[in-house]
file final-v5.cif (mmCIF, C-alpha atoms and all ligand atoms)
data_target
#
loop_
_atom_site.label_atom_id
_atom_site.label_comp_id
_atom_site.auth_asym_id
_atom_site.auth_seq_id
_atom_site.Cartn_x
_atom_site.Cartn_y
_atom_site.Cartn_z
CA MET A 1434 102.83 93.11 75.37
CA LEU A 1435 106.54 94.04 75.20
CA CYS A 1436 107.38 93.10 71.60
CA LYS A 1437 105.42 92.17 68.47
CA ASP A 1438 106.64 91.17 64.98
CA MET A 1439 105.01 93.08 62.11
CA GLU A 1440 105.27 92.80 58.32
CA GLY A 1441 108.39 93.83 56.34
CA GLY A 1442 110.91 92.93 59.04
CA ILE A 1443 109.53 95.57 61.39
CA SER A 1444 108.84 94.83 65.05
CA GLU A 1445 107.05 96.86 67.74
CA HIS A 1446 108.50 97.33 71.23
CA ALA A 1447 107.50 98.83 74.58
CA LEU A 1448 110.30 101.38 74.92
CA CYS A 1449 109.94 102.48 78.56
CA THR A 1450 109.74 98.92 79.89
CA HIS A 1451 112.84 97.86 77.98
CA MET A 1452 114.79 100.93 79.07
CA ALA A 1453 113.82 100.34 82.72
CA THR A 1454 115.09 96.75 82.56
CA PHE A 1455 118.27 97.81 80.79
CA ALA A 1456 118.99 100.68 83.21
CA LEU A 1457 118.37 98.55 86.31
CA LYS A 1458 120.65 95.78 85.07
CA VAL A 1459 123.44 98.21 84.17
CA ASP A 1460 123.01 100.00 87.50
CA LEU A 1461 123.12 96.80 89.55
CA MET A 1462 126.00 95.25 87.60
CA THR A 1463 128.09 98.41 87.86
CA LEU A 1464 127.39 99.06 91.51
CA PHE A 1465 127.22 95.51 92.83
CA GLY A 1466 128.97 93.24 90.31
CA ASN A 1467 127.52 90.34 88.43
CA VAL A 1468 124.04 90.06 89.93
CA SER A 1469 122.98 87.10 87.85
CA ASP A 1470 119.87 85.86 89.67
CA ASP A 1471 116.99 87.37 87.63
CA SER A 1472 114.36 86.48 90.27
CA LYS A 1473 116.34 88.47 92.85
CA ILE A 1474 116.54 91.41 90.41
CA THR A 1475 112.76 91.27 89.86
CA GLU A 1476 112.14 91.12 93.62
CA PHE A 1477 114.48 94.08 94.15
CA HIS A 1478 112.73 95.97 91.32
CA ASN A 1479 109.31 95.42 92.94
CA ASN A 1480 110.56 96.65 96.32
CA TYR A 1481 112.26 99.57 94.64
CA ASN A 1482 109.01 100.58 92.88
CA VAL A 1483 107.13 100.69 96.20
CA CYS A 1484 109.86 102.90 97.74
CA TRP A 1485 110.00 105.17 94.68
CA SER A 1486 106.21 105.78 94.58
CA GLU A 1487 106.28 106.46 98.30
CA MET A 1488 109.06 109.05 97.84
CA GLU A 1489 107.11 110.76 95.03
CA SER A 1490 103.95 110.73 97.11
CA ARG A 1491 105.78 112.26 100.11
CA LEU A 1492 107.25 114.85 97.77
CA GLY A 1493 103.66 115.83 96.95
CA GLY A 1494 103.00 116.30 100.69
CA LYS A 1495 101.20 112.96 101.29
CA PHE A 1496 102.85 111.47 104.38
CA PRO A 1497 101.40 108.18 105.67
CA GLU A 1498 100.02 107.94 109.21
CA PRO A 1499 102.46 106.16 111.57
CA GLY A 1500 101.43 102.48 111.77
CA SER A 1501 99.25 102.73 108.61
CA GLU A 1502 99.25 100.02 105.93
CA GLN A 1503 101.03 102.42 103.55
CA GLU A 1504 103.86 103.01 106.04
CA GLU A 1505 104.09 99.28 106.73
CA ASN A 1506 104.31 98.45 102.99
CA PHE A 1507 107.02 101.03 102.57
CA GLN A 1508 109.08 99.65 105.48
CA THR A 1509 108.67 96.07 104.19
CA ALA A 1510 109.84 97.11 100.71
CA LEU A 1511 112.77 99.10 102.11
CA ASN A 1512 113.84 96.15 104.27
CA GLY A 1513 113.56 93.89 101.21
CA ALA A 1514 115.87 96.25 99.27
CA LYS A 1515 118.32 96.27 102.19
CA ASP A 1516 118.28 92.46 102.37
CA PHE A 1517 119.18 92.37 98.68
CA VAL A 1518 122.22 94.59 99.33
CA LYS A 1519 123.18 92.48 102.38
CA GLY A 1520 123.13 89.40 100.11
CA VAL A 1521 125.44 91.18 97.65
CA VAL A 1522 127.83 92.15 100.49
CA GLU A 1523 128.01 88.51 101.62
CA ILE A 1524 128.96 87.41 98.09
CA ARG A 1525 131.51 90.21 97.60
CA GLU A 1526 133.21 89.52 100.94
CA LYS A 1527 133.98 85.98 99.79
CA LEU A 1528 135.53 87.15 96.49
CA GLU A 1529 139.09 88.16 95.85
CA ILE A 1530 138.71 91.78 94.73
CA THR A 1531 141.13 92.97 92.06
CA GLU A 1532 141.38 96.18 90.03
CA GLU A 1533 139.51 94.36 87.26
CA ASN A 1534 136.49 93.15 89.21
CA GLU A 1535 136.22 95.93 91.80
CA ARG A 1536 132.78 97.56 91.98
CA PHE A 1537 131.27 100.46 93.92
CA ILE A 1538 129.99 98.16 96.69
CA ASP A 1539 133.58 96.96 97.39
CA ILE A 1540 134.62 100.55 98.06
CA LEU A 1541 131.67 100.98 100.43
CA ILE A 1542 132.58 97.73 102.22
CA ARG A 1543 136.12 99.03 102.76
CA HIS A 1544 135.23 102.56 103.84
CA CYS A 1545 131.80 102.63 105.53
CA ALA A 1546 132.01 102.79 109.30
CA ASP A 1547 128.83 100.74 109.90
CA GLU A 1548 126.23 98.62 108.13
CA ASP A 1549 123.49 101.29 108.17
CA THR A 1550 125.72 103.76 106.32
CA LEU A 1551 126.74 101.10 103.81
CA LEU A 1552 123.13 100.07 103.09
CA SER A 1553 121.85 103.61 102.80
CA ASP A 1554 124.75 104.73 100.55
CA ALA A 1555 124.30 101.68 98.32
CA ILE A 1556 120.54 102.26 97.98
CA THR A 1557 121.06 106.02 97.39
CA TYR A 1558 123.19 105.20 94.36
CA VAL A 1559 120.66 102.76 92.94
CA VAL A 1560 117.93 105.36 93.43
CA GLY A 1561 120.13 108.09 91.90
CA GLY A 1562 121.04 106.03 88.87
CA PHE A 1563 118.03 103.95 87.93
CA HIS A 1564 114.97 106.06 87.04
CA THR A 1565 117.13 108.92 85.76
CA THR A 1566 118.94 106.71 83.27
CA ALA A 1567 115.88 104.67 82.29
CA ASN A 1568 113.83 107.78 81.54
CA SER A 1569 116.67 109.66 79.86
CA LEU A 1570 117.04 106.76 77.43
CA ALA A 1571 113.28 106.46 76.89
CA TRP A 1572 113.09 110.20 76.05
CA GLY A 1573 116.30 110.01 73.99
CA PHE A 1574 114.90 107.26 71.75
CA TYR A 1575 111.47 108.93 71.64
CA PHE A 1576 113.01 112.11 70.18
CA ILE A 1577 115.20 110.10 67.78
CA ALA A 1578 112.22 108.03 66.62
CA GLY A 1579 110.17 111.17 65.96
CA ASN A 1580 112.91 113.13 64.11
CA SER A 1581 114.17 111.37 60.99
CA ALA A 1582 116.67 114.15 60.13
CA VAL A 1583 118.24 113.83 63.60
CA GLN A 1584 118.31 110.05 63.29
CA ASP A 1585 119.97 110.15 59.84
CA LYS A 1586 122.64 112.54 61.08
CA LEU A 1587 123.28 110.37 64.15
CA HIS A 1588 123.47 107.23 62.05
CA ALA A 1589 126.03 108.80 59.67
CA GLU A 1590 128.20 109.98 62.57
CA ILE A 1591 128.01 106.72 64.51
CA SER A 1592 128.76 104.61 61.42
CA GLU A 1593 131.80 106.77 60.66
CA HIS A 1594 133.32 106.58 64.14
CA CYS A 1595 132.03 103.30 65.61
CA GLY A 1596 131.75 101.17 62.44
CA LYS A 1597 128.97 98.64 61.86
CA HIS A 1598 130.01 95.79 64.15
CA ASP A 1599 133.12 96.91 66.07
CA SER A 1600 132.91 97.10 69.85
CA ILE A 1601 132.09 100.65 70.90
CA GLY A 1602 134.89 102.19 72.99
CA ILE A 1603 135.51 105.49 74.76
CA SER A 1604 137.68 106.95 71.99
CA SER A 1605 135.10 106.27 69.24
CA ILE A 1606 132.22 107.55 71.41
CA ASN A 1607 134.13 110.74 72.20
CA LYS A 1608 134.36 111.51 68.48
CA CYS A 1609 130.55 111.42 68.19
CA VAL A 1610 129.89 115.10 68.83
CA TYR A 1611 126.33 115.11 67.50
CA LEU A 1612 125.45 112.11 69.69
CA LYS A 1613 126.40 114.17 72.77
CA GLN A 1614 124.33 117.08 71.40
CA GLU A 1615 121.33 114.77 71.01
CA PHE A 1616 121.60 113.55 74.60
CA ASP A 1617 122.12 117.05 76.03
CA GLU A 1618 119.04 118.25 74.17
CA THR A 1619 117.12 115.22 75.47
CA LEU A 1620 117.96 116.13 79.09
CA ARG A 1621 116.98 119.75 78.42
CA CYS A 1622 113.83 119.21 76.37
CA SER A 1623 112.41 116.47 78.64
CA VAL A 1624 113.40 118.43 81.80
CA LEU A 1625 114.57 115.06 83.05
CA ALA A 1626 115.60 116.16 86.55
CA PRO A 1627 113.28 119.10 87.31
CA PHE A 1628 114.95 120.20 90.53
CA ALA A 1629 117.66 119.75 93.13
CA ALA A 1630 117.23 120.68 96.78
CA ARG A 1631 119.32 121.86 99.70
CA TYR A 1632 118.69 122.43 103.38
CA LEU A 1633 120.82 125.27 104.67
CA ASP A 1634 122.97 124.57 107.74
CA GLU A 1635 123.98 128.23 108.13
CA ASP A 1636 122.90 131.75 107.14
CA ILE A 1637 124.03 132.65 103.61
CA LEU A 1638 123.82 135.51 101.13
CA LEU A 1639 122.40 134.18 97.84
CA GLY A 1640 122.32 136.55 94.84
CA GLY A 1641 122.36 139.44 97.33
CA TYR A 1642 119.46 138.04 99.41
CA PRO A 1643 120.13 136.97 103.00
CA ILE A 1644 118.73 133.46 103.63
CA PRO A 1645 118.62 132.20 107.22
CA GLY A 1646 120.02 128.79 108.20
CA GLY A 1647 117.39 126.04 108.31
CA THR A 1648 115.71 127.22 105.08
CA PRO A 1649 114.96 124.55 102.47
CA ILE A 1650 116.11 125.72 99.00
CA VAL A 1651 114.81 124.36 95.73
CA HIS A 1652 117.17 124.73 92.79
CA ALA A 1653 114.67 124.92 89.92
CA LEU A 1654 116.85 123.26 87.26
CA GLY A 1655 113.81 122.75 85.01
CA VAL A 1656 113.04 126.47 84.89
CA SER A 1657 116.51 127.30 83.57
CA LEU A 1658 116.44 124.36 81.12
CA GLN A 1659 113.32 125.88 79.56
CA ASN A 1660 114.41 129.54 79.75
CA PRO A 1661 113.44 131.09 76.36
CA GLU A 1662 116.19 133.69 76.71
CA TYR A 1663 118.81 130.99 76.19
CA PHE A 1664 116.67 128.32 74.53
CA PRO A 1665 114.19 130.02 72.14
CA GLU A 1666 111.06 127.89 71.48
CA PRO A 1667 112.07 125.80 74.51
CA SER A 1668 109.73 122.88 73.86
CA LYS A 1669 111.19 122.32 70.35
CA PHE A 1670 113.71 119.44 70.18
CA ASP A 1671 116.80 120.74 68.42
CA PRO A 1672 120.23 119.17 69.14
CA ASP A 1673 121.90 122.03 67.22
CA ARG A 1674 121.38 124.20 70.30
CA PHE A 1675 124.37 122.29 71.68
CA SER A 1676 126.65 122.72 68.66
CA PRO A 1677 130.10 124.03 69.70
CA GLU A 1678 129.28 127.47 68.17
CA ASN A 1679 125.88 127.80 69.90
CA ILE A 1680 127.20 126.73 73.31
CA LYS A 1681 129.58 129.71 73.23
CA ASN A 1682 126.61 132.11 73.16
CA ARG A 1683 125.23 130.99 76.55
CA PRO A 1684 126.55 131.20 80.10
CA SER A 1685 127.64 127.74 81.28
CA THR A 1686 125.09 127.94 84.13
CA ALA A 1687 122.22 127.97 81.60
CA PHE A 1688 122.49 124.18 81.24
CA GLN A 1689 122.80 122.19 84.48
CA PRO A 1690 120.90 118.93 83.99
CA PHE A 1691 123.02 117.23 86.68
CA GLY A 1692 122.98 120.08 89.20
CA VAL A 1693 126.08 122.07 90.04
CA GLY A 1694 128.74 122.64 92.68
CA LYS A 1695 129.91 120.27 95.40
CA ARG A 1696 126.76 118.17 95.21
CA ILE A 1697 126.65 117.82 91.42
CA CYS A 1698 125.38 114.36 90.43
CA PRO A 1699 128.28 111.96 91.05
CA GLY A 1700 126.97 109.73 88.24
CA HIS A 1701 127.00 112.37 85.48
CA ARG A 1702 129.96 111.04 83.50
CA PHE A 1703 128.73 107.48 83.83
CA ALA A 1704 125.19 108.47 82.75
CA ASN A 1705 126.48 110.30 79.66
CA MET A 1706 128.69 107.34 78.66
CA GLU A 1707 125.97 104.74 79.28
CA ALA A 1708 123.46 106.69 77.18
CA ALA A 1709 125.94 107.32 74.37
CA VAL A 1710 126.90 103.63 74.09
CA CYS A 1711 123.28 102.46 74.24
CA ILE A 1712 122.08 104.98 71.63
CA ALA A 1713 125.06 104.29 69.33
CA ALA A 1714 124.52 100.52 69.55
CA MET A 1715 120.82 100.85 68.69
CA VAL A 1716 121.01 103.54 65.99
CA ARG A 1717 123.74 101.79 64.00
CA LYS A 1718 121.68 98.56 63.98
CA PHE A 1719 118.07 99.72 63.61
CA GLU A 1720 115.87 102.32 61.98
CA ILE A 1721 113.74 103.49 64.87
CA GLY A 1722 110.20 104.81 64.42
CA LEU A 1723 107.16 105.70 66.50
CA VAL A 1724 103.95 103.67 66.32
CA ASP A 1725 101.27 106.05 64.94
CA GLY A 1726 98.55 107.63 67.05
CA GLN A 1727 100.33 107.94 70.40
CA LYS A 1728 99.94 111.00 72.60
CA ILE A 1729 102.88 111.21 74.98
CA GLU A 1730 102.95 113.92 77.67
CA PRO A 1731 105.68 114.56 80.24
CA VAL A 1732 104.81 113.86 83.89
CA HIS A 1733 107.05 115.84 86.24
CA GLY A 1734 108.03 114.23 89.54
CA LEU A 1735 111.40 113.44 91.09
CA VAL A 1736 112.25 112.50 87.49
CA THR A 1737 110.19 113.46 84.42
CA HIS A 1738 108.65 110.38 82.85
CA PRO A 1739 106.31 109.83 79.88
CA SER A 1740 102.57 109.73 80.67
CA THR A 1741 102.16 106.28 79.07
CA GLU A 1742 104.28 103.50 77.63
CA ILE A 1743 105.90 104.57 74.32
CA MET A 1744 105.61 102.05 71.47
CA ILE A 1745 108.42 102.17 68.93
CA THR A 1746 109.16 100.26 65.74
CA LEU A 1747 112.53 98.74 64.88
CA LYS A 1748 113.72 97.77 61.41
CA GLN A 1749 117.12 96.12 61.05
CA ARG A 1750 119.59 98.15 58.96
CA HIS A 1751 121.66 96.32 56.33
C1 LIG A 1801 120.65 111.12 83.04
C2 LIG A 1801 120.95 110.66 84.22
C3 LIG A 1801 121.02 111.48 85.49
C4 LIG A 1801 120.56 112.74 85.78
C5 LIG A 1801 119.85 113.72 84.86
C6 LIG A 1801 120.89 112.99 87.17
C7 LIG A 1801 120.61 114.18 87.83
C8 LIG A 1801 120.92 114.43 89.15
C9 LIG A 1801 120.66 115.66 89.84
C10 LIG A 1801 120.01 116.90 89.24
C11 LIG A 1801 121.07 115.52 91.12
C12 LIG A 1801 121.01 116.56 92.24
C13 LIG A 1801 122.30 117.37 92.21
C14 LIG A 1801 122.29 118.51 93.18
O1 LIG A 1801 121.77 118.34 94.29
O2 LIG A 1801 122.83 119.58 92.83
C15 LIG A 1801 121.61 114.18 91.25
C16 LIG A 1801 122.12 113.63 92.42
C17 LIG A 1801 122.59 112.36 92.53
N1 LIG A 1801 122.77 111.44 91.52
FE1 LIG A 1801 122.27 111.71 89.58
N2 LIG A 1801 121.53 111.89 87.69
C18 LIG A 1801 121.64 110.94 86.69
C19 LIG A 1801 122.26 109.71 86.78
C20 LIG A 1801 122.86 109.21 87.91
C21 LIG A 1801 123.58 107.95 87.99
C22 LIG A 1801 123.81 107.01 86.82
C23 LIG A 1801 123.97 107.80 89.30
C24 LIG A 1801 124.74 106.67 89.97
C25 LIG A 1801 124.96 105.51 89.46
C26 LIG A 1801 123.50 108.95 90.04
C27 LIG A 1801 123.67 109.14 91.39
C28 LIG A 1801 123.30 110.29 92.06
C29 LIG A 1801 123.47 110.47 93.50
C30 LIG A 1801 124.05 109.44 94.49
C31 LIG A 1801 123.03 111.77 93.80
C32 LIG A 1801 123.03 112.44 95.17
C33 LIG A 1801 124.33 113.22 95.34
C34 LIG A 1801 124.41 114.04 96.62
O3 LIG A 1801 123.38 114.27 97.25
O4 LIG A 1801 125.52 114.48 96.94
N3 LIG A 1801 122.85 109.78 89.16
N4 LIG A 1801 121.53 113.53 90.03
#
call {"tool": "encode", "arguments": {"input": "final-v5.cif", "output": "C-alpha cells"}}
result
Amino acid sequence: MLCKDMEGGISEHALCTHMATFALKVDLMTLFGNVSDDSKITEFHNNYNVCWSEMESRLGGKFPEPGSEQEENFQTALNGAKDFVKGVVEIREKLEITEENERFIDILIRHCADEDTLLSDAITYVVGGFHTTANSLAWGFYFIAGNSAVQDKLHAEISEHCGKHDSIGISSINKCVYLKQEFDETLRCSVLAPFAARYLDEDILLGGYPIPGGTPIVHALGVSLQNPEYFPEPSKFDPDRFSPENIKNRPSTAFQPFGVGKRICPGHRFANMEAAVCIAAMVRKFEIGLVDGQKIEPVHGLVTHPSTEIMITLKQRH
C-alpha cells in the first residue's frame, strides 16, 4: 500500500517507493528528455533493478558462473536497458534540438564515437543518479519527519524565501542556508555513498606510502563522514554542524559526500539542487511525521538505503 487516508486530514505514504519513482522520473527526463511512456519507464525500472542487485552482489564477491541463469538474467536486463536508450536515441535524432530542449543524451549523440560508448555512458549516468538521489531524499525526509525543531526551522526559512505558492527558483533556493545544512547533514549522517574506488594505472606515493600500479584503492568516504574528531556524536542528526561558523572549524576534506578530485561526482550540483527543490516544495506544503513503531536501520551497499520501507504522515499546511 503506497498511500492511505487517515482521520484529521492526515494521510500515510510509503516514502522510499515515492522517492524512487520521483528520482527515476527526474533522472530520465533530465538525461533523456520527455520520456512520457510510463510502461516503458516501468520496464526500464525493472531491468535496472536486476542490474543494480547484480552489481551489489558482485561487490560482495558473488560472481555468477558463466552461462548460469543469474548471468543470463543480468544480460537480458542489461540488453533491455540498452534497448530503452536506443529507443530514446531514435526519438531524439528526429527532433530539432535547440538550447531549450537539449538534454544530456543529445550531447552524447553528438560526441560519442560509437554506439557502445553512447549506451554505456548513458546507463552510467542513470546508475549514478538514480539510487543516490532516491535514497538521499528518503533519508532527508526521514530525518525531517523525526525532528520537529529542524522541520519548523526549515519551514520558516522556506516560507520566507520561497513563499507559499510561488515557483521555486535558483535565487530563492540559494537563500535557504539551513535547507543546504539539512541536506549536507543527511548525506553525512546516512553515509549515503560509503565509498569511492580507483584502480591505479601507475605507481604513486600516497600520504608518504608508495603504492604500486595495478592496486585497487578504496576511498572510505563513510569513515571520514563519521569521524568523531570532526563530527562529535557522529550518529546524531544535527544540521548545525554545517552552519557557516562550524564549517570553518574543519578541514574541507572532512566532508566529501560526492568524492573529490578529477573524478568527483559530475552530478553533485544537480543532486543538491534537485533535493533542495523537492524538500522545499514538500515542507512548505505539508507537516511531515513518522508513523509510530517503525525501526529503520541503514543498510550499506553501493548506496546506503533504509532496511525497510519508511511510512510517513502528511498533513496539509494552511
Ligand atoms: C545525493 C546524490 C549523489 C551522491 C551522494 C553521489 C555520490 C557519488 C560519489 C561518491 C561518486 C564517486 C566519486 C569518486 O570516484 O571520487 C559518484 C560518481 C558518479 N556520479 Fe554521483 N552522486 C549523487 C548523484 C548523482 C547524480 C544526480 C548523477 C547524474 C545524473 C551522478 C552521476 C555520477 C557519475 C556518472 C559518477 C561516475 C563519475 C566517474 O567515474 O568519473 N551522481 N557519485
call {"tool": "residues_near_ligand", "arguments": {"input": "final-v5.cif", "ligand": "ligand LIG 1801 (chain A)", "cutoff": "6 Å", "atoms": "all atoms listed in the file", "output": "MDAnalysis selection string"}}
result
chainID A and resid 1557:1558 1561:1562 1565:1566 1569 1625:1626 1629:1630 1690:1693 1696:1701 1703:1704
call {"tool": "closest_residue", "arguments": {"input": "final-v5.cif", "among": "A:Ile1721, A:Ile1556, A:Val1624, A:Met1462", "to": "Gln1584 in chain A", "atoms": "all atoms listed in the file"}}
result
A:Ile1721
call {"tool": "closest_residue", "arguments": {"input": "final-v5.cif", "among": "A:Asp1547, A:Leu1723, A:Asp1636, A:Leu1528", "to": "Thr1648 in chain A", "atoms": "only C-alpha atoms"}}
result
A:Asp1636
call {"tool": "residues_around", "arguments": {"input": "final-v5.cif", "residues": "range 1474-1490 of chain A", "least_positions_apart": "4", "cutoff": "6 Å", "atoms": "all atoms listed in the file", "output": "VMD selection string"}}
result
chain A and resid 1495 1507 1510 1514
call {"tool": "atom_distance", "arguments": {"input": "final-v5.cif", "atom1": "CA of Gly1734 in chain A", "atom2": "CA of Phe1496 in chain A"}}
result
16.0 Å
call {"tool": "residues_near_point", "arguments": {"input": "final-v5.cif", "point": "(131.6, 92.2, 90.4)", "cutoff": "10 Å", "atoms": "only C-alpha atoms", "output": "list in words"}}
result
Leu1461, Met1462, Thr1463, Leu1464, Phe1465, Gly1466, Asn1467, Val1468, Val1521, Ile1524, Arg1525, Leu1528, Ile1530, Thr1531, Glu1533, Asn1534, Glu1535, Arg1536, Phe1537, Ile1538 and Asp1539 of chain A
call {"tool": "atom_distance", "arguments": {"input": "final-v5.cif", "atom1": "CA of Pro1627 in chain A", "atom2": "CA of Ser1657 in chain A"}}
result
9.6 Å
call {"tool": "closest_residue", "arguments": {"input": "final-v5.cif", "among": "A:Gly1493, A:Gly1441, A:Gly1646, A:Gly1655", "to": "Phe1688 in chain A", "atoms": "only C-alpha atoms"}}
result
A:Gly1655
call {"tool": "closest_residue", "arguments": {"input": "final-v5.cif", "among": "A:Asp1554, A:Pro1649, A:Phe1675, A:His1564", "to": "Thr1450 in chain A", "atoms": "all atoms listed in the file"}}
result
A:His1564
call {"tool": "residues_around", "arguments": {"input": "final-v5.cif", "residues": "range 1676-1682 of chain A", "least_positions_apart": "4", "cutoff": "9 Å", "atoms": "only C-alpha atoms", "output": "JSON, numbers by chain"}}
result
{"A": [1610, 1611, 1614, 1663, 1672]}
call {"tool": "atom_distance", "arguments": {"input": "final-v5.cif", "atom1": "CA of His1446 in chain A", "atom2": "CA of Thr1619 in chain A"}}
result
20.3 Å
call {"tool": "closest_residue", "arguments": {"input": "final-v5.cif", "among": "A:Ile1745, A:Glu1502, A:Lys1597, A:Ile1606", "to": "Met1439 in chain A", "atoms": "all atoms listed in the file"}}
result
A:Ile1745
call {"tool": "decode", "arguments": {"input": "final-v5.cif", "residues": "range 1495-1570 of chain A", "atoms": "C-alpha atoms", "output": "PDB file, in the first residue's frame"}}
result
ATOM      1  CA  LYS A1495      29.373 -13.218  -5.527  1.00  0.00           C
ATOM      2  CA  PHE A1496      30.150 -13.569  -9.240  1.00  0.00           C
ATOM      3  CA  PRO A1497      27.776 -15.752 -11.282  1.00  0.00           C
ATOM      4  CA  GLU A1498      29.094 -18.797 -13.153  1.00  0.00           C
ATOM      5  CA  PRO A1499      29.434 -18.117 -16.907  1.00  0.00           C
ATOM      6  CA  GLY A1500      26.277 -19.408 -18.637  1.00  0.00           C
ATOM      7  CA  SER A1501      24.328 -19.582 -15.325  1.00  0.00           C
ATOM      8  CA  GLU A1502      20.703 -18.420 -15.044  1.00  0.00           C
ATOM      9  CA  GLN A1503      21.855 -15.457 -12.920  1.00  0.00           C
ATOM     10  CA  GLU A1504      24.312 -14.309 -15.614  1.00  0.00           C
ATOM     11  CA  GLU A1505      21.660 -14.795 -18.302  1.00  0.00           C
ATOM     12  CA  ASN A1506      19.085 -12.726 -16.340  1.00  0.00           C
ATOM     13  CA  PHE A1507      21.628  -9.983 -15.889  1.00  0.00           C
ATOM     14  CA  GLN A1508      22.493  -9.880 -19.611  1.00  0.00           C
ATOM     15  CA  THR A1509      18.787  -9.858 -20.565  1.00  0.00           C
ATOM     16  CA  ALA A1510      18.114  -6.956 -18.182  1.00  0.00           C
ATOM     17  CA  LEU A1511      21.167  -5.039 -19.393  1.00  0.00           C
ATOM     18  CA  ASN A1512      20.125  -5.509 -23.023  1.00  0.00           C
ATOM     19  CA  GLY A1513      16.605  -4.344 -22.099  1.00  0.00           C
ATOM     20  CA  ALA A1514      18.086  -1.165 -20.556  1.00  0.00           C
ATOM     21  CA  LYS A1515      20.205  -0.618 -23.672  1.00  0.00           C
ATOM     22  CA  ASP A1516      17.153  -1.074 -25.927  1.00  0.00           C
ATOM     23  CA  PHE A1517      15.381   1.613 -23.910  1.00  0.00           C
ATOM     24  CA  VAL A1518      18.261   4.041 -24.539  1.00  0.00           C
ATOM     25  CA  LYS A1519      18.340   3.074 -28.248  1.00  0.00           C
ATOM     26  CA  GLY A1520      14.619   3.963 -28.428  1.00  0.00           C
ATOM     27  CA  VAL A1521      15.350   7.354 -26.859  1.00  0.00           C
ATOM     28  CA  VAL A1522      18.181   7.981 -29.360  1.00  0.00           C
ATOM     29  CA  GLU A1523      15.826   7.232 -32.265  1.00  0.00           C
ATOM     30  CA  ILE A1524      13.317   9.785 -30.952  1.00  0.00           C
ATOM     31  CA  ARG A1525      15.965  12.445 -30.251  1.00  0.00           C
ATOM     32  CA  GLU A1526      17.536  12.083 -33.697  1.00  0.00           C
ATOM     33  CA  LYS A1527      14.216  13.027 -35.289  1.00  0.00           C
ATOM     34  CA  LEU A1528      13.834  16.172 -33.134  1.00  0.00           C
ATOM     35  CA  GLU A1529      15.166  19.610 -33.823  1.00  0.00           C
ATOM     36  CA  ILE A1530      17.465  20.185 -30.838  1.00  0.00           C
ATOM     37  CA  THR A1531      17.626  23.741 -29.508  1.00  0.00           C
ATOM     38  CA  GLU A1532      19.267  25.295 -26.444  1.00  0.00           C
ATOM     39  CA  GLU A1533      15.885  24.994 -24.712  1.00  0.00           C
ATOM     40  CA  ASN A1534      15.196  21.312 -25.278  1.00  0.00           C
ATOM     41  CA  GLU A1535      18.758  19.964 -25.337  1.00  0.00           C
ATOM     42  CA  ARG A1536      19.373  17.095 -22.905  1.00  0.00           C
ATOM     43  CA  PHE A1537      22.408  15.051 -21.857  1.00  0.00           C
ATOM     44  CA  ILE A1538      21.653  12.326 -24.423  1.00  0.00           C
ATOM     45  CA  ASP A1539      21.884  14.891 -27.276  1.00  0.00           C
ATOM     46  CA  ILE A1540      25.429  15.739 -26.201  1.00  0.00           C
ATOM     47  CA  LEU A1541      26.315  12.035 -26.159  1.00  0.00           C
ATOM     48  CA  ILE A1542      24.789  11.583 -29.631  1.00  0.00           C
ATOM     49  CA  ARG A1543      26.980  14.423 -30.937  1.00  0.00           C
ATOM     50  CA  HIS A1544      30.225  13.406 -29.251  1.00  0.00           C
ATOM     51  CA  CYS A1545      30.350   9.620 -28.725  1.00  0.00           C
ATOM     52  CA  ALA A1546      32.487   7.837 -31.286  1.00  0.00           C
ATOM     53  CA  ASP A1547      30.367   4.656 -31.346  1.00  0.00           C
ATOM     54  CA  GLU A1548      27.086   3.190 -30.111  1.00  0.00           C
ATOM     55  CA  ASP A1549      28.657   1.077 -27.332  1.00  0.00           C
ATOM     56  CA  THR A1550      30.245   4.148 -25.739  1.00  0.00           C
ATOM     57  CA  LEU A1551      26.997   6.098 -26.031  1.00  0.00           C
ATOM     58  CA  LEU A1552      24.929   3.323 -24.413  1.00  0.00           C
ATOM     59  CA  SER A1553      27.378   2.698 -21.614  1.00  0.00           C
ATOM     60  CA  ASP A1554      27.810   6.426 -20.837  1.00  0.00           C
ATOM     61  CA  ALA A1555      24.045   6.948 -20.833  1.00  0.00           C
ATOM     62  CA  ILE A1556      23.450   3.989 -18.498  1.00  0.00           C
ATOM     63  CA  THR A1557      26.352   5.057 -16.226  1.00  0.00           C
ATOM     64  CA  TYR A1558      24.613   8.387 -15.648  1.00  0.00           C
ATOM     65  CA  VAL A1559      21.270   6.767 -14.867  1.00  0.00           C
ATOM     66  CA  VAL A1560      23.013   4.419 -12.436  1.00  0.00           C
ATOM     67  CA  GLY A1561      24.984   7.324 -10.906  1.00  0.00           C
ATOM     68  CA  GLY A1562      21.933   9.498 -10.450  1.00  0.00           C
ATOM     69  CA  PHE A1563      19.021   7.259  -9.567  1.00  0.00           C
ATOM     70  CA  HIS A1564      19.563   5.316  -6.322  1.00  0.00           C
ATOM     71  CA  THR A1565      21.757   8.058  -4.869  1.00  0.00           C
ATOM     72  CA  THR A1566      19.078  10.707  -5.294  1.00  0.00           C
ATOM     73  CA  ALA A1567      16.171   8.445  -4.331  1.00  0.00           C
ATOM     74  CA  ASN A1568      17.847   7.368  -1.097  1.00  0.00           C
ATOM     75  CA  SER A1569      19.192  10.824  -0.241  1.00  0.00           C
ATOM     76  CA  LEU A1570      15.633  12.155  -0.418  1.00  0.00           C
TER      77      LEU A1570
END
